[in-house]
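**Student:** My file is my_file.cif. It has mmCIF, C-alpha atoms (C1' of nucleotides):
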data_model
#
loop_
_atom_site.label_atom_id
_atom_site.label_comp_id
_atom_site.auth_asym_id
_atom_site.auth_seq_id
_atom_site.Cartn_x
_atom_site.Cartn_y
_atom_site.Cartn_z
CA MET A 1 97.89 75.56 59.58
CA SER A 2 95.10 77.06 61.63
CA PHE A 3 95.45 80.22 63.69
CA SER A 4 95.40 78.13 66.85
CA ALA A 5 98.00 75.67 65.60
CA ILE A 6 100.43 78.41 64.63
CA LEU A 7 99.86 80.17 67.91
CA ILE A 8 100.36 77.11 70.10
CA ASN A 9 103.39 76.13 68.05
CA TRP A 10 104.91 79.54 68.66
CA TYR A 11 104.06 79.37 72.37
CA LEU A 12 105.67 76.00 72.99
CA LYS A 13 108.91 77.31 71.51
CA ASN A 14 108.91 80.77 73.05
CA LYS A 15 107.06 80.71 76.36
CA ARG A 16 108.57 82.00 79.58
CA GLU A 17 108.80 79.67 82.54
CA LEU A 18 106.52 81.17 85.17
CA PRO A 19 105.54 79.55 88.48
CA TRP A 20 101.77 79.83 87.99
CA ARG A 21 102.11 77.90 84.74
CA LYS A 22 103.42 74.85 86.55
CA THR A 23 100.22 74.33 88.53
CA SER A 24 96.52 73.70 88.00
CA ASP A 25 95.65 74.75 91.54
CA PRO A 26 92.82 77.27 91.05
CA TYR A 27 93.87 79.17 94.17
CA LYS A 28 97.36 79.82 92.84
CA ILE A 29 96.06 80.67 89.39
CA TRP A 30 93.50 83.02 90.91
CA LEU A 31 96.18 84.72 92.99
CA SER A 32 98.46 85.13 89.99
CA GLU A 33 95.67 86.58 87.86
CA ILE A 34 94.72 89.16 90.48
CA ILE A 35 98.35 90.20 90.92
CA LEU A 36 98.88 90.47 87.18
CA GLN A 37 95.88 92.71 86.53
CA GLN A 38 97.31 95.85 84.91
CA THR A 39 100.70 94.75 86.16
CA ARG A 40 103.82 93.48 84.44
CA VAL A 41 105.15 90.01 85.19
CA GLU A 42 108.48 91.37 86.46
CA GLN A 43 106.67 93.60 88.93
CA GLY A 44 104.15 91.00 90.12
CA LEU A 45 106.35 87.91 90.33
CA PRO A 46 108.03 88.70 93.69
CA TYR A 47 104.60 89.42 95.20
CA TYR A 48 103.25 86.11 93.94
CA LEU A 49 106.14 84.25 95.56
CA LYS A 50 105.67 86.13 98.85
CA PHE A 51 101.94 85.41 98.92
CA ILE A 52 102.31 81.71 98.09
CA GLN A 53 104.91 81.32 100.79
CA ARG A 54 102.87 83.10 103.45
CA PHE A 55 99.45 81.83 102.27
CA PRO A 56 99.94 78.41 100.60
CA ASP A 57 96.20 77.83 100.34
CA VAL A 58 92.94 79.74 100.39
CA LYS A 59 92.20 78.91 104.04
CA LYS A 60 95.47 80.40 105.21
CA LEU A 61 94.63 83.56 103.34
CA ALA A 62 91.11 83.59 104.72
CA ASN A 63 92.43 83.33 108.28
CA ALA A 64 94.81 86.27 107.95
CA ASN A 65 93.81 89.73 109.08
CA GLU A 66 93.33 92.37 106.44
CA ASP A 67 96.20 94.56 107.60
CA GLU A 68 98.66 91.75 107.05
CA VAL A 69 97.33 91.15 103.54
CA MET A 70 97.62 94.85 102.78
CA LYS A 71 101.13 94.92 104.19
CA LEU A 72 102.15 92.08 101.87
CA TRP A 73 100.54 93.93 98.95
CA GLN A 74 102.37 97.15 99.83
CA GLY A 75 103.98 98.78 96.80
CA LEU A 76 102.03 96.87 94.16
CA GLY A 77 99.24 99.43 93.73
CA TYR A 78 95.51 99.06 93.02
CA TYR A 79 94.94 98.04 96.62
CA SER A 80 91.29 97.13 96.14
CA ARG A 81 92.67 93.98 94.51
CA ALA A 82 94.14 92.95 97.85
CA ARG A 83 90.99 93.76 99.81
CA ASN A 84 88.81 91.86 97.35
CA LEU A 85 91.26 88.96 97.30
CA HIS A 86 91.04 88.66 101.06
CA PHE A 87 87.26 89.14 101.07
CA THR A 88 86.81 86.41 98.46
CA ALA A 89 89.15 84.04 100.30
CA LYS A 90 86.86 84.34 103.32
CA GLU A 91 83.82 83.79 101.09
CA ILE A 92 85.35 80.61 99.71
CA ALA A 93 86.28 79.43 103.19
CA THR A 94 82.78 79.95 104.57
CA LYS A 95 80.32 79.65 101.69
CA HIS A 96 82.22 77.16 99.50
CA ASN A 97 83.54 74.97 102.29
CA GLY A 98 87.11 76.02 101.53
CA LYS A 99 86.97 74.60 98.00
CA PHE A 100 87.48 76.89 95.01
CA PRO A 101 84.30 76.84 92.86
CA LEU A 102 84.36 74.58 89.81
CA HIS A 103 82.09 76.41 87.36
CA TYR A 104 82.57 79.58 85.37
CA HIS A 105 79.49 81.41 86.64
CA GLU A 106 80.32 80.67 90.27
CA ILE A 107 83.85 81.93 89.70
CA ARG A 108 82.60 85.00 87.84
CA ALA A 109 80.32 85.87 90.77
CA LEU A 110 83.23 86.28 93.20
CA LYS A 111 84.29 89.79 94.16
CA GLY A 112 87.35 91.00 92.27
CA ILE A 113 86.82 88.50 89.47
CA GLY A 114 85.50 89.93 86.20
CA ASP A 115 85.05 88.44 82.75
CA TYR A 116 88.74 88.18 82.05
CA THR A 117 89.83 86.63 85.34
CA ALA A 118 86.91 84.18 85.41
CA ALA A 119 87.82 82.95 81.93
CA ALA A 120 91.48 82.71 82.89
CA ILE A 121 90.80 80.61 85.99
CA ALA A 122 88.16 78.44 84.31
CA SER A 123 90.45 77.64 81.39
CA PHE A 124 93.83 77.40 83.13
CA ALA A 125 92.63 75.40 86.13
CA TYR A 126 89.81 73.34 84.61
CA ASN A 127 90.44 73.57 80.86
CA LEU A 128 86.96 75.00 80.31
CA PRO A 129 86.30 76.63 76.90
CA TYR A 130 86.14 80.32 77.86
CA ALA A 131 88.22 82.76 75.82
CA VAL A 132 90.26 85.27 77.76
CA VAL A 133 89.90 88.84 76.54
CA ASP A 134 92.55 91.10 77.99
CA GLY A 135 94.67 93.90 76.59
CA ASN A 136 96.91 91.43 74.78
CA VAL A 137 94.05 89.60 73.10
CA MET A 138 92.35 92.82 72.05
CA ARG A 139 95.59 94.13 70.58
CA ILE A 140 96.27 90.94 68.63
CA LEU A 141 92.76 90.51 67.30
CA SER A 142 92.20 94.18 66.46
CA ARG A 143 95.39 94.02 64.40
CA TYR A 144 94.87 90.61 62.89
CA LEU A 145 91.28 91.40 61.88
CA GLY A 146 91.93 95.08 61.14
CA ILE A 147 89.27 96.27 63.59
CA ASN A 148 89.23 100.06 63.76
CA GLU A 149 86.52 100.27 66.40
CA ALA A 150 87.89 101.73 69.65
CA ILE A 151 88.79 98.95 72.08
CA ASP A 152 87.83 101.18 75.00
CA SER A 153 84.27 101.50 73.69
CA ALA A 154 81.44 99.10 74.42
CA VAL A 155 80.98 98.34 70.71
CA GLY A 156 84.67 97.61 70.18
CA LYS A 157 84.88 95.41 73.24
CA LYS A 158 81.84 93.43 72.11
CA MET A 159 83.31 92.85 68.65
CA LEU A 160 86.60 91.65 70.09
CA THR A 161 84.96 89.48 72.73
CA GLU A 162 82.92 87.70 70.08
CA ALA A 163 85.96 87.34 67.83
CA ALA A 164 87.99 85.96 70.73
CA GLN A 165 85.40 83.31 71.49
CA GLU A 166 85.33 82.27 67.80
CA PHE A 167 89.09 82.05 67.62
CA LEU A 168 89.36 80.02 70.83
CA ASP A 169 90.62 76.47 70.32
CA VAL A 170 87.88 74.64 72.23
CA LYS A 171 89.98 71.46 72.21
CA ASN A 172 92.82 73.21 74.07
CA PRO A 173 91.39 76.21 75.93
CA ALA A 174 94.12 76.39 78.58
CA LEU A 175 96.99 76.10 76.14
CA TYR A 176 95.41 78.43 73.59
CA ASN A 177 94.59 81.13 76.15
CA GLN A 178 98.09 81.03 77.61
CA ALA A 179 99.52 81.14 74.12
CA ILE A 180 97.60 84.14 72.83
CA MET A 181 98.36 86.17 75.94
CA GLU A 182 102.03 85.30 75.86
CA PHE A 183 102.18 86.16 72.17
CA GLY A 184 100.68 89.56 72.90
CA ALA A 185 102.86 90.19 75.91
CA THR A 186 106.17 89.33 74.28
CA TYR A 187 105.72 89.47 70.49
CA CYS A 188 102.67 91.39 69.24
CA VAL A 189 103.66 94.23 71.57
CA PRO A 190 102.14 97.74 71.54
CA LEU A 191 105.23 99.50 70.18
CA LYS A 192 107.29 98.35 67.22
CA PRO A 193 106.42 94.67 66.98
CA ASP A 194 108.70 92.65 64.71
CA CYS A 195 106.11 91.99 62.01
CA GLU A 196 108.68 90.86 59.44
CA LYS A 197 109.29 87.64 61.36
CA CYS A 198 105.74 87.25 62.67
CA PRO A 199 104.16 83.83 61.98
CA PHE A 200 100.88 85.59 61.12
CA ASN A 201 102.18 88.24 58.74
CA ASN A 202 100.68 86.51 55.70
CA SER A 203 97.16 86.81 57.09
CA CYS A 204 97.26 89.86 59.40
CA GLU A 205 95.04 92.69 58.16
CA ALA A 206 96.94 95.41 59.99
CA PHE A 207 100.21 94.22 58.44
CA ARG A 208 98.70 94.04 54.96
CA LEU A 209 97.31 97.58 55.26
CA LYS A 210 100.42 98.89 57.08
CA LYS A 211 98.27 99.94 60.03
CA VAL A 212 100.00 97.97 62.75
CA ASN A 213 101.16 101.09 64.57
CA GLU A 214 97.62 102.54 64.49
CA LEU A 215 95.94 99.51 66.05
CA PRO A 216 94.46 98.94 68.49
CA TYR A 217 92.68 102.27 68.35
CA LYS A 218 91.71 103.97 71.62
CA SER A 219 89.29 106.86 71.86
CA LYS A 220 90.25 108.09 75.30
CA LYS A 221 93.49 109.70 76.26
CA THR A 222 95.00 108.95 79.63
CA LYS A 223 94.80 112.02 81.80
CA ILE A 224 97.06 112.62 84.75
CA THR A 225 95.92 114.88 87.54
CA LYS A 226 98.73 116.22 89.64
CA ARG A 227 98.33 116.27 93.40
CA TYR A 228 100.34 118.00 96.06
CA PHE A 229 100.75 116.48 99.52
CA HIS A 230 102.32 117.87 102.65
CA TYR A 231 103.02 115.18 105.23
CA PHE A 232 103.79 115.99 108.84
CA ILE A 233 105.81 113.38 110.65
CA LEU A 234 104.90 114.15 114.23
CA ASP A 235 107.26 113.04 116.94
CA TYR A 236 106.39 113.01 120.61
CA LYS A 237 108.92 111.16 122.72
CA GLY A 238 109.88 108.73 119.96
CA LYS A 239 106.34 107.99 118.91
CA THR A 240 104.56 109.12 115.76
CA TYR A 241 100.97 109.13 114.57
CA LEU A 242 99.32 107.29 111.70
CA TYR A 243 95.94 107.60 110.01
CA LYS A 244 94.28 104.74 108.14
CA ARG A 245 92.96 106.03 104.83
CA LYS A 246 89.27 105.60 104.06
CA SER A 247 87.43 104.83 100.84
CA GLY A 248 86.76 107.27 98.03
CA ASP A 249 90.37 108.02 97.14
CA ILE A 250 93.74 106.41 96.57
CA TRP A 251 95.49 104.19 99.09
CA GLN A 252 92.35 102.99 100.83
CA GLY A 253 93.22 100.99 103.93
CA LEU A 254 96.85 102.13 103.96
CA TYR A 255 98.42 104.17 106.74
CA GLU A 256 99.88 107.64 106.40
CA PHE A 257 101.06 110.61 108.43
CA LEU A 258 99.10 113.77 109.08
CA LEU A 259 98.30 115.12 105.63
CA HIS A 260 97.51 118.47 104.15
CA GLU A 261 96.69 118.34 100.45
CA ALA A 262 97.24 121.57 98.55
CA LYS A 263 94.66 122.35 95.89
CA SER A 264 97.22 123.66 93.44
CA GLN A 265 100.93 123.82 92.86
CA LEU A 266 100.74 127.49 93.88
CA GLU A 267 99.22 126.61 97.24
CA PHE A 268 101.79 123.86 97.59
CA ASP A 269 104.62 126.32 97.05
CA GLU A 270 103.07 128.99 99.28
CA LEU A 271 102.59 126.58 102.14
CA LEU A 272 106.16 125.56 101.65
CA LYS A 273 107.35 129.15 102.05
CA SER A 274 105.44 130.78 104.87
CA GLN A 275 102.03 129.53 105.88
CA LEU A 276 103.36 126.25 107.07
CA LEU A 277 103.35 126.68 110.80
CA LYS A 278 99.97 128.37 110.99
CA ASP A 279 98.37 125.70 108.87
CA VAL A 280 99.94 122.88 110.75
CA ALA A 281 98.83 124.32 114.05
CA LYS A 282 95.32 124.88 112.74
CA HIS A 283 95.15 121.45 111.16
CA SER A 284 96.47 119.42 114.01
CA LYS A 285 95.60 121.53 117.04
CA MET A 286 98.88 120.37 118.45
CA GLY A 287 99.99 123.54 120.13
CA LEU A 288 103.57 124.62 120.04
CA ILE A 289 106.00 123.51 117.42
CA LYS A 290 109.74 123.59 117.53
CA THR A 291 110.42 125.20 114.19
CA SER A 292 114.09 124.37 114.30
CA SER A 293 113.33 120.67 114.04
CA ILE A 294 111.44 120.87 110.75
CA LYS A 295 113.05 119.01 107.89
CA LYS A 296 111.93 119.11 104.31
CA HIS A 297 112.04 116.64 101.50
CA ILE A 298 110.26 116.36 98.19
CA LEU A 299 109.37 113.14 96.42
CA SER A 300 107.70 112.85 93.07
CA HIS A 301 105.68 109.79 92.24
CA GLN A 302 104.52 110.38 88.65
CA HIS A 303 101.68 112.69 89.59
CA ILE A 304 101.86 113.02 93.35
CA PHE A 305 104.30 115.52 94.76
CA ALA A 306 104.96 115.19 98.45
CA GLN A 307 106.75 117.27 100.99
CA PHE A 308 107.64 115.78 104.36
CA TYR A 309 108.13 117.72 107.57
CA HIS A 310 109.55 116.31 110.78
CA ILE A 311 107.95 118.04 113.71
CA HIS A 312 108.82 117.51 117.37
CA LEU A 313 105.86 118.08 119.65
CA ASN A 314 106.05 119.31 123.22
CA LYS A 315 102.82 117.55 124.10
CA PRO A 316 101.07 114.48 122.70
CA PHE A 317 98.90 114.67 119.59
CA ILE A 318 95.40 113.76 120.72
CA ASN A 319 93.12 112.66 117.90
CA LYS A 320 90.97 109.56 117.96
CA ARG A 321 91.36 109.05 114.21
CA TYR A 322 95.07 108.52 114.66
CA ILE A 323 96.99 105.70 116.24
CA GLU A 324 100.16 106.23 118.22
CA VAL A 325 103.06 104.25 116.79
CA PRO A 326 106.66 103.94 117.98
CA PHE A 327 109.00 104.75 115.08
CA GLU A 328 110.59 101.30 115.39
CA THR A 329 107.29 99.63 114.49
CA LEU A 330 106.42 101.84 111.50
CA ASN A 331 107.33 99.11 109.09
CA ASN A 332 104.58 96.87 110.44
CA TYR A 333 102.01 99.04 108.72
CA ALA A 334 101.04 99.03 105.06
CA LEU A 335 102.23 102.34 103.70
CA PRO A 336 101.90 104.00 100.31
CA ARG A 337 105.00 103.39 98.21
CA LEU A 338 105.77 107.08 98.25
CA ILE A 339 105.93 107.22 102.04
CA HIS A 340 107.78 103.94 102.36
CA ARG A 341 110.44 105.11 99.94
CA TYR A 342 110.86 108.37 101.80
CA LEU A 343 111.28 106.61 105.14
CA GLU A 344 113.90 104.34 103.64
CA GLU A 345 115.81 107.21 102.10
CA GLU A 346 115.81 109.06 105.41
CA LYS A 347 116.89 105.87 107.19
CA ILE A 348 113.86 106.06 109.45
CA LEU A 349 112.94 102.48 108.69
"C1'" DT B 1 78.47 103.82 81.41
"C1'" DA B 2 82.54 106.44 82.34
"C1'" DC B 3 85.69 106.97 85.57
"C1'" DG B 4 89.12 106.22 89.28
"C1'" DC B 5 92.29 103.19 91.08
"C1'" DG B 6 99.15 102.55 91.80
"C1'" DT B 7 103.32 101.68 90.29
"C1'" DG B 8 107.44 101.36 87.41
"C1'" DG B 9 109.45 101.30 82.92
"C1'" DA B 10 110.05 102.89 78.18
"C1'" DA B 11 110.26 106.37 74.67
"C1'" DT C 1 109.32 116.22 81.57
"C1'" DT C 2 105.40 114.07 79.89
"C1'" DT C 3 102.78 110.47 78.14
"C1'" DC C 4 101.49 105.91 77.60
"C1'" DC C 5 101.37 101.40 78.82
"C1'" DA C 6 100.80 96.54 81.71
"C1'" DA C 7 97.30 89.37 82.40
"C1'" DG C 8 90.84 94.66 84.80
"C1'" DC C 9 87.59 95.65 88.20
"C1'" DG C 10 83.93 97.93 90.96
"C1'" DT C 11 80.87 101.45 91.13
#
Give the structure from the file, written as structure tokens.

**Tutor:**
Amino acid sequence: MSFSAILINWYLKNKRELPWRKTSDPYKIWLSEIILQQTRVEQGLPYYLKFIQRFPDVKKLANANEDEVMKLWQGLGYYSRARNLHFTAKEIATKHNGKFPLHYHEIRALKGIGDYTAAAIASFAYNLPYAVVDGNVMRILSRYLGINEAIDSAVGKKMLTEAAQEFLDVKNPALYNQAIMEFGATYCVPLKPDCEKCPFNNSCEAFRLKKVNELPYKSKKTKITKRYFHYFILDYKGKTYLYKRKSGDIWQGLYEFLLHEAKSQLEFDELLKSQLLKDVAKHSKMGLIKTSSIKKHILSHQHIFAQFYHIHLNKPFINKRYIEVPFETLNNYALPRLIHRYLEEEKIL
DNA sequence: TACGCGTGGAA
DNA sequence: TTTCCAAGCGT
């Protein structure tokens, strides 16, 4: 049997039932692909269902305002996906007469859609012969072919892209692409795949050379930079103040409280101990502070450490960059997961 | 071209 | 606790 035949055979017996696999609507497939970028199915699925319910078609999405889209995306991360999704929905509504484009190069030209997503949409929705090359495919092919070239290098990516296109079953692009990704996601997994029962173990180079746990090879190591945030939850007569984050950093377009970011853990700890009130006053120009009403709380979110302070003001906080928000309506705004979780824990939401 | 962008789960 | 990973993309 051919590679494709074995793969598709495996898929038909082992595939998961997922909502975006029951449709050929390019809008729904597009939405699912954007949500699933760098995101696990279990994490993305509830968001897909929410979005389909609220925006059943591309025109509904195009007619929404960006804040609502961001609010629905809240907690999923990589928020530029949501902004680009909304931007492209408007593009399709205006420049494509509300119809999702039918050809690969038109699809590929849309903002937020790269090589992978364009191939996914073109094949899943229209059965066009474009091979998907994602993390799953690169892992499978680098193992199967015994490719030692780093998959995060240009050379390695090129090798695997060409291999993927050769392996593609041009008679069944949609089925084949779904199958190879599902096989990577659930069987040829990064850690400890069950090679003994693998349908390819008689022809897999990595298995033959006992190099499965070394492939795919990556040259770069993931680096995590720790950051230290102090948030000041200002309260003047039951209202608080929010700032909409700008580009050039995380959480673009999301709302947050008055922030001071410490440059080091030392500064974070120092501010915590003594400099707090001075710095707050300097930062916010808010005048007097009732120190007795300050509450503290620390949340860790992998690499961001945040401290929250509740501060009652004796006069309003005047700053044109901030909007005044009654506490009861806080949940109408798209907030970073970290802040949202804190507000829930403190029963503020 | 290399890097930054979120979050949650697993080891 | 730390590191790595998961259906990538824009700049």

**Student:** Restrict the distance test to all atoms listed in the file, flag each residue of chain C within 7 Å of chain A, and return the flagged residues as a list in words.

**Tutor:** DA6, DA7, DG8 and DC9 of chain C

**Student:** Should the cut-off be 9 Å, what would the residue list for chain B against chain A look like, counting all atoms listed in the file, as JSON, numbers by chain?

**Tutor:** {"B": [1, 4, 5, 6, 7, 8]}

**Student:** Can you measure atom CA of Leu102 of chain A to atom CA of Asn177 of chain A for me? One decimal in Å is fine.

**Tutor:**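 Separation between atom CA of Leu102 of chain A and atom CA of Asn177 of chain A: 18.3 Å.
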
**Student:** Figure out the distance between atom C1' of DG10 of chain C and atom CA of Ile339 of chain A, please, to one decimal in Å.

**Tutor:**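 Going from atom CA of Ile339 of chain A over to atom C1' of DG10 of chain C covers 26.3 Å.
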
**Student:** Measure the distance from atom CA of Leu258 of chain A to atom CA of His230 of chain A in Å and round it to one decimal.

**Tutor:** 8.3 Å

**Student:** Choose the residue, out of A:Thr94, A:Thr88, A:Ser24, A:Asn127, that has the smallest atom-to-atom separation from Arg108 of chain A; count all atoms listed in the file.

**Tutor:**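 Closest to Arg108 of chain A, using all atoms listed in the file: A:Thr88.
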
**Student:** Taking only C-alpha atoms (C1' of nucleotides) into account, name the residue in A:Lys237, A:Lys192, A:Arg321, A:Arg245 that is nearest to DA11 of chain B.

**Tutor:**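 Looking at the shortest contact to DA11 of chain B, the residue is A:Lys192.
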
**Student:** Please provide the set of residues having any atom within 9 Å of Tyr48 of chain A, restricted to only C-alpha atoms (C1' of nucleotides), with same-chain residues fewer than 3 positions apart removed, written as a PyMOL selection string.

**Tutor:** chain A and resi 19-20+28+31-32+35+44-45+51-53

**Student:** Looking at A:Lys90, A:Lys226, A:Lys244, A:Lys220, which one is nearest to DC4 of chain C, with distances taken over all atoms listed in the file?

**Tutor:**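 Among A:Lys90, A:Lys226, A:Lys244, A:Lys220, it is A:Lys220 that comes nearest to DC4 of chain C.
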